[in-house]
>>> print(open('final_32.cif').read())   # mmCIF, C-alpha atoms
data_structure
#
loop_
_atom_site.label_atom_id
_atom_site.label_comp_id
_atom_site.auth_asym_id
_atom_site.auth_seq_id
_atom_site.Cartn_x
_atom_site.Cartn_y
_atom_site.Cartn_z
CA MET A 954 -21.28 60.83 -17.16
CA LYS A 955 -22.89 57.43 -16.77
CA LYS A 956 -20.00 55.88 -18.70
CA ILE A 957 -17.42 57.47 -16.39
CA PHE A 958 -19.39 56.31 -13.35
CA ALA A 959 -19.50 52.75 -14.70
CA ILE A 960 -15.71 52.74 -15.25
CA VAL A 961 -15.04 54.06 -11.73
CA THR A 962 -17.39 51.45 -10.26
CA MET A 963 -15.61 48.67 -12.15
CA LEU A 964 -12.18 49.86 -10.96
CA VAL A 965 -13.34 50.02 -7.34
CA SER A 966 -14.82 46.51 -7.60
CA LEU A 967 -11.59 45.19 -9.10
CA LEU A 968 -9.55 46.84 -6.33
CA VAL A 969 -11.79 45.29 -3.65
CA ALA A 970 -11.54 41.86 -5.26
CA VAL A 971 -7.73 41.99 -5.42
CA SER A 972 -7.54 43.28 -1.85
CA THR A 973 -9.89 40.54 -0.61
CA GLY A 974 -7.93 37.87 -2.44
CA PHE A 975 -4.64 39.07 -0.96
CA THR A 976 -6.15 39.09 2.53
CA ALA A 977 -7.43 35.55 2.09
CA THR A 978 -3.98 34.41 0.94
CA VAL A 979 -2.26 35.99 3.90
CA SER A 980 -4.84 34.49 6.24
CA ALA A 981 -4.33 31.02 4.81
CA ALA A 982 -0.57 31.34 5.09
CA GLY A 983 -0.90 32.60 8.63
CA GLN A 984 -2.86 29.49 9.59
CA GLN A 985 -0.06 27.17 8.45
CA TYR A 986 1.06 25.01 11.35
CA PRO A 987 4.62 25.86 12.49
CA SER A 988 7.42 23.60 11.30
CA PHE A 989 8.70 23.20 14.86
CA VAL A 990 6.49 22.84 17.92
CA ASP A 991 8.37 22.13 21.15
CA GLY A 992 5.61 20.93 23.45
CA ALA A 993 8.11 19.13 25.69
CA ALA A 994 10.30 22.26 26.06
CA LEU A 995 13.51 20.55 24.94
CA VAL A 996 15.11 23.41 22.99
CA GLN A 997 16.27 26.84 24.14
CA PRO A 998 14.50 29.87 22.56
CA VAL A 999 17.56 30.97 20.56
CA ASP A 1000 17.99 27.46 19.13
CA LYS A 1001 14.27 27.25 18.43
CA THR A 1002 14.48 30.37 16.25
CA LYS A 1003 17.42 28.94 14.29
CA LEU A 1004 15.70 25.59 13.86
CA LEU A 1005 12.48 27.16 12.63
CA SER A 1006 14.45 29.16 10.08
CA LYS A 1007 16.32 26.04 8.95
CA LEU A 1008 13.16 23.97 8.49
CA ARG A 1009 11.38 26.75 6.61
CA GLU A 1010 14.37 27.11 4.31
CA ILE A 1011 14.22 23.38 3.51
CA GLU A 1012 10.46 23.55 2.93
CA SER A 1013 10.77 26.52 0.59
CA LYS A 1014 13.67 24.93 -1.30
CA HIS A 1015 11.88 21.67 -2.05
CA GLY A 1016 8.19 22.59 -1.85
CA ILE A 1017 7.56 20.18 1.05
CA ARG A 1018 6.68 20.26 4.73
CA CYS A 1019 9.54 19.18 7.00
CA ALA A 1020 8.49 19.42 10.63
CA VAL A 1021 9.38 18.42 14.17
CA LEU A 1022 6.97 18.02 17.08
CA THR A 1023 7.95 17.23 20.66
CA VAL A 1024 5.38 16.23 23.29
CA LYS A 1025 5.56 15.23 26.93
CA THR A 1026 3.23 12.31 26.31
CA THR A 1027 0.96 10.84 23.66
CA GLN A 1028 -1.60 10.01 26.35
CA GLY A 1029 -1.21 6.27 25.85
CA MET A 1030 -1.67 6.47 22.08
CA ASN A 1031 0.76 4.54 19.90
CA ILE A 1032 3.35 7.07 18.73
CA ARG A 1033 3.06 5.94 15.10
CA ASP A 1034 -0.70 6.49 15.10
CA TYR A 1035 -0.21 9.79 16.92
CA ALA A 1036 2.33 11.03 14.38
CA GLN A 1037 0.19 10.02 11.42
CA SER A 1038 -2.86 11.71 12.91
CA VAL A 1039 -0.95 14.98 13.44
CA GLN A 1040 0.47 14.80 9.93
CA ASP A 1041 -2.95 14.28 8.34
CA GLN A 1042 -4.46 17.13 10.32
CA TYR A 1043 -1.75 19.79 10.08
CA PHE A 1044 0.80 18.86 7.39
CA ALA A 1045 -1.27 17.42 4.56
CA ASN A 1046 -1.23 20.55 2.40
CA ALA A 1047 2.28 20.29 0.92
CA PRO A 1048 2.24 19.89 -2.87
CA LYS A 1049 5.39 17.74 -2.94
CA GLY A 1050 4.88 15.75 0.24
CA SER A 1051 5.48 16.08 3.96
CA ILE A 1052 7.68 14.46 6.58
CA LEU A 1053 7.18 14.82 10.33
CA MET A 1054 9.30 13.76 13.30
CA VAL A 1055 7.52 13.27 16.63
CA ILE A 1056 9.37 12.91 19.95
CA SER A 1057 7.51 11.58 22.99
CA MET A 1058 9.41 12.08 26.24
CA ASP A 1059 7.30 9.91 28.59
CA ASN A 1060 8.57 6.72 26.97
CA ARG A 1061 11.52 8.23 25.07
CA LYS A 1062 10.29 7.20 21.65
CA TRP A 1063 10.66 8.80 18.25
CA HIS A 1064 8.74 8.31 15.03
CA ILE A 1065 9.11 9.82 11.59
CA THR A 1066 6.08 9.64 9.34
CA THR A 1067 5.96 10.36 5.62
CA ASP A 1068 2.80 10.91 3.61
CA LYS A 1069 1.98 9.00 0.43
CA THR A 1070 3.86 11.46 -1.77
CA MET A 1071 6.96 11.76 0.40
CA ARG A 1072 7.19 7.98 0.82
CA THR A 1073 8.22 7.67 -2.82
CA LYS A 1074 11.04 10.17 -2.27
CA ILE A 1075 12.36 9.01 1.11
CA ILE A 1076 11.78 5.27 1.45
CA ASP A 1077 11.11 3.52 4.76
CA ASP A 1078 14.48 1.75 4.89
CA VAL A 1079 16.26 5.09 4.62
CA VAL A 1080 14.11 6.59 7.40
CA THR A 1081 15.23 3.84 9.80
CA GLY A 1082 18.71 3.76 8.30
CA ASP A 1083 20.61 6.79 7.04
CA LEU A 1084 18.11 9.35 8.33
CA LYS A 1085 18.01 7.84 11.81
CA ASP A 1086 21.80 7.59 11.93
CA ALA A 1087 22.02 11.33 11.30
CA PHE A 1088 20.32 12.28 14.58
CA ILE A 1089 20.04 9.30 16.94
CA ASN A 1090 23.32 9.81 18.84
CA ASP A 1091 22.54 13.46 19.61
CA LEU A 1092 18.99 12.48 20.57
CA LYS A 1093 20.19 9.87 23.06
CA LYS A 1094 22.65 12.34 24.60
CA GLY A 1095 20.03 15.05 25.03
CA ARG A 1096 21.45 17.35 22.36
CA TYR A 1097 18.01 17.98 20.93
CA ALA A 1098 18.69 21.11 18.89
CA ALA A 1099 21.59 19.35 17.15
CA ALA A 1100 19.49 16.22 16.59
CA PHE A 1101 16.65 18.14 14.96
CA THR A 1102 19.06 20.21 12.86
CA ASN A 1103 20.80 17.06 11.60
CA TYR A 1104 17.40 15.56 10.82
CA GLY A 1105 16.56 18.59 8.69
CA ASN A 1106 19.93 18.56 6.94
CA LYS A 1107 19.53 14.88 6.05
CA VAL A 1108 16.03 15.44 4.67
CA ASP A 1109 17.48 18.28 2.57
CA GLU A 1110 20.22 15.95 1.30
CA LEU A 1111 17.78 13.14 0.45
CA MET A 1112 15.41 15.51 -1.35
CA THR A 1113 18.30 17.00 -3.33
CA TYR A 1114 19.30 13.48 -4.37
CA TYR A 1115 15.74 12.73 -5.49
CA GLU A 1116 15.47 15.92 -7.51
CA LYS A 1117 18.83 15.28 -9.19
CA GLU A 1118 18.50 11.55 -9.88
CA GLY A 1119 14.74 11.34 -10.40
CA GLU A 1120 14.42 8.50 -7.90
CA ALA A 1121 14.67 7.98 -4.15
CA TYR A 1122 18.02 7.17 -2.59
CA ASP A 1123 18.22 3.41 -1.98
CA PRO A 1124 21.32 2.12 -0.16
CA SER A 1125 20.74 -1.41 -1.45
CA LYS A 1126 21.57 -0.19 -4.96
CA GLU A 1127 24.94 1.14 -3.84
CA PHE A 1128 26.49 -2.36 -3.65
CA SER A 1129 28.31 -3.52 -6.76
CA PHE A 1130 28.29 -7.30 -7.27
CA GLY A 1131 31.11 -7.01 -9.78
CA ALA A 1132 33.32 -5.22 -7.27
CA GLY A 1133 32.36 -7.79 -4.64
CA ALA A 1134 33.37 -10.68 -6.90
CA VAL A 1135 36.73 -9.08 -7.69
CA ALA A 1136 37.37 -8.47 -3.99
CA ALA A 1137 36.52 -12.11 -3.18
CA ILE A 1138 38.93 -13.44 -5.82
CA ILE A 1139 41.74 -11.18 -4.65
CA SER A 1140 41.15 -12.20 -1.03
CA PHE A 1141 41.23 -15.90 -2.01
CA LEU A 1142 44.50 -15.53 -3.89
CA ILE A 1143 46.16 -13.57 -1.10
CA GLY A 1144 44.92 -16.02 1.54
CA GLY A 1145 46.19 -19.00 -0.46
CA GLY A 1146 49.59 -17.41 -0.92
CA VAL A 1147 49.91 -16.64 2.80
CA LYS A 1148 48.89 -20.18 3.76
CA LYS A 1149 51.38 -21.72 1.33
CA GLY A 1150 54.17 -19.54 2.64
CA MET A 1151 53.42 -20.45 6.28
CA ILE A 1152 53.39 -24.18 5.50
CA ALA A 1153 56.69 -23.92 3.64
CA SER A 1154 58.29 -22.23 6.65
CA MET A 1155 57.41 -25.14 8.96
CA SER A 1156 60.50 -27.37 8.67
CA ASN A 1157 59.09 -30.18 10.85
CA VAL A 1158 56.10 -30.79 8.56
CA THR A 1159 56.42 -33.50 5.90
CA ASN A 1160 53.96 -35.35 3.73
CA ALA A 1161 52.97 -38.88 4.78
CA VAL A 1162 51.52 -41.70 2.68
CA GLU A 1163 49.67 -43.41 5.56
CA ALA A 1164 48.00 -42.02 8.65
CA GLY A 1165 50.00 -44.40 10.84
CA GLN A 1166 53.17 -42.57 9.94
CA TYR A 1167 52.01 -39.65 12.04
CA LEU A 1168 51.96 -41.85 15.17
CA LYS A 1169 55.05 -41.79 17.33
CA ARG A 1170 55.83 -45.37 18.24
CA ASP A 1171 56.05 -46.68 21.84
CA THR A 1172 54.26 -43.63 23.24
CA PHE A 1173 50.72 -44.99 23.41
CA ASN A 1174 49.32 -48.27 24.77
CA LEU A 1175 45.57 -48.86 24.74
CA ILE A 1176 44.53 -51.47 27.33
CA GLY A 1177 40.79 -51.34 26.83
CA SER A 1178 37.88 -49.05 26.16
CA ASN A 1179 34.21 -48.84 27.12
CA ASP A 1180 31.36 -46.63 26.02
CA ARG A 1181 28.31 -46.35 28.25
CA TYR A 1182 25.43 -44.39 26.80
CA LEU A 1183 22.38 -44.00 29.00
CA TYR A 1184 20.16 -41.09 28.07
CA THR A 1185 20.06 -37.33 27.76
CA HIS A 1186 17.58 -34.77 28.95
CA THR A 1187 17.48 -31.47 27.07
CA THR A 1188 15.86 -28.33 28.45
CA VAL A 1189 15.41 -25.37 26.15
CA VAL A 1190 15.15 -21.95 27.78
CA PRO A 1191 14.39 -18.95 25.52
CA LYS A 1192 17.14 -16.38 25.59
CA ALA A 1193 16.03 -13.13 27.14
CA LYS A 1194 15.92 -10.28 24.68
CA SER A 1195 17.79 -7.21 25.78
CA ARG A 1196 16.16 -3.86 25.06
CA ASP A 1197 17.89 -2.04 22.29
CA ASN A 1198 17.62 1.72 22.82
CA ASP A 1199 18.56 2.25 19.20
CA SER A 1200 15.96 -0.15 17.85
CA GLY A 1201 13.70 0.85 15.02
CA SER A 1202 10.72 -0.36 13.05
CA SER A 1203 9.75 0.77 9.59
CA GLY A 1204 6.47 1.10 7.78
CA GLY A 1205 3.16 2.81 8.33
CA THR A 1206 -0.56 2.54 7.75
CA GLY A 1207 -3.08 4.18 5.46
CA GLY A 1208 -0.49 5.08 2.81
CA HIS A 1209 1.95 6.55 5.32
CA GLY A 1210 5.56 5.51 5.47
CA GLY A 1211 8.48 6.05 7.80
CA GLY A 1212 9.55 4.33 10.99
CA GLY A 1213 10.60 4.87 14.57
CA GLY A 1214 12.14 3.46 17.70
CA SER A 1215 13.42 4.29 21.17
CA PHE A 1216 16.24 6.51 22.37
#
>>> encode(input="final_32.cif", output="structure tokens")
Amino acid sequence: MKKIFAIVTMLVSLLVAVSTGFTATVSAAGQQYPSFVDGAALVQPVDKTKLLSKLREIESKHGIRCAVLTVKTTQGMNIRDYAQSVQDQYFANAPKGSILMVISMDNRKWHITTDKTMRTKIIDDVVTGDLKDAFINDLKKGRYAAAFTNYGNKVDELMTYYEKEGEAYDPSKEFSFGAGAVAAIISFLIGGGVKKGMIASMSNVTNAVEAGQYLKRDTFNLIGSNDRYLYTHTTVVPKAKSRDNDSGSSGGTGGHGGGGGSF
């Protein structure tokens, strides 16, 4: 009887332990910060649902966090520091890295921050290059849902490239010096041929042994000449820099990467 009681007690304890562990797992998952938080109310509810689904799909596919946060203001805080602070607090639990886009509407600035792990997979130059190009036009035109969707799609593409090639996409490696040299030689040959053909078609052009042969006689008579050089006064005025709404800066602090700009 005691043996049966001991077995029943063990089974009940095991059941409680499994149940408790499952509850803890669900609780932890439930506390995960959403992949899209629209604090500035830029996206319609139906588009918000689609965007959330898209970002979660990307996160599940690559084991990362890929998020978007919009705010009305950063309360005077530098948007880069703001983005990094939010990332460290809410998106630092991804095993394969996290990337976060922050949009601040008071000064119309954007910043994408990558953590230390993600920075090796999506380099800073790509954040302010190919990744920015994927969404900046829609962002400037107020098509926010499209901009955020394109951002997610590009992150998906860059992560797929990394997983396939084993290294981050780097546009500087796409240029082939061999192909460039061949193109330069071909351009030189074509240009020389065109120039030679044009000269040959000019019937009034002949070679001359002396420079004086190019002068048409009795058409010029120099009486005298004078040069008076007094002084010069040079004033240098710095050229005003126009604001570039598509400007961007790359880099981060404390191991973060990424970049941002205005829209």
>>> closest_atom_pairs(input="final_32.cif", of="region 976-1054 of chain A", to="region 1101-1114 of chain A", cutoff="8 Å", atoms="only C-alpha atoms", output="Markdown table")
| residue | atom | partner | partner_atom | distance |
| --- | --- | --- | --- | --- |
| A:Leu1004 | CA | A:Thr1102 | CA | 6.4 |
| A:Lys1007 | CA | A:Gly1105 | CA | 7.5 |
| A:Leu1008 | CA | A:Gly1105 | CA | 6.4 |
| A:Ile1011 | CA | A:Asp1109 | CA | 6.1 |
| A:His1015 | CA | A:Met1112 | CA | 7.1 |
| A:Cys1019 | CA | A:Gly1105 | CA | 7.2 |
| A:Val1021 | CA | A:Phe1101 | CA | 7.3 |
>>> residues_around(input="final_32.cif", residues="region 1063-1075 of chain A", least_positions_apart="6", cutoff="8 Å", atoms="all atoms listed in the file", output="ChimeraX atom specification")
/A:1032-1033,1036-1037,1040,1045,1049-1057,1111-1112,1115,1120-1122,1205,1208-1216
>>> atom_distance(input="final_32.cif", atom1="CA of Met1058 (chain A)", atom2="CA of Thr1026 (chain A)")
6.2 Å
>>> atom_distance(input="final_32.cif", atom1="CA of Lys1085 (chain A)", atom2="CA of Pro1048 (chain A)")
24.7 Å
>>> atom_distance(input="final_32.cif", atom1="CA of Thr1023 (chain A)", atom2="CA of Leu995 (chain A)")
7.8 Å
>>> closest_residue(input="final_32.cif", among="A:Pro1124, A:Pro987, A:Gly1150, A:Gly1095", to="Arg1018 (chain A)", atoms="only C-alpha atoms")
A:Pro987
>>> closest_residue(input="final_32.cif", among="A:Asp1000, A:Asn1060, A:Tyr1184, A:Lys1117", to="Gly1029 (chain A)", atoms="all atoms listed in the file")
A:Asn1060
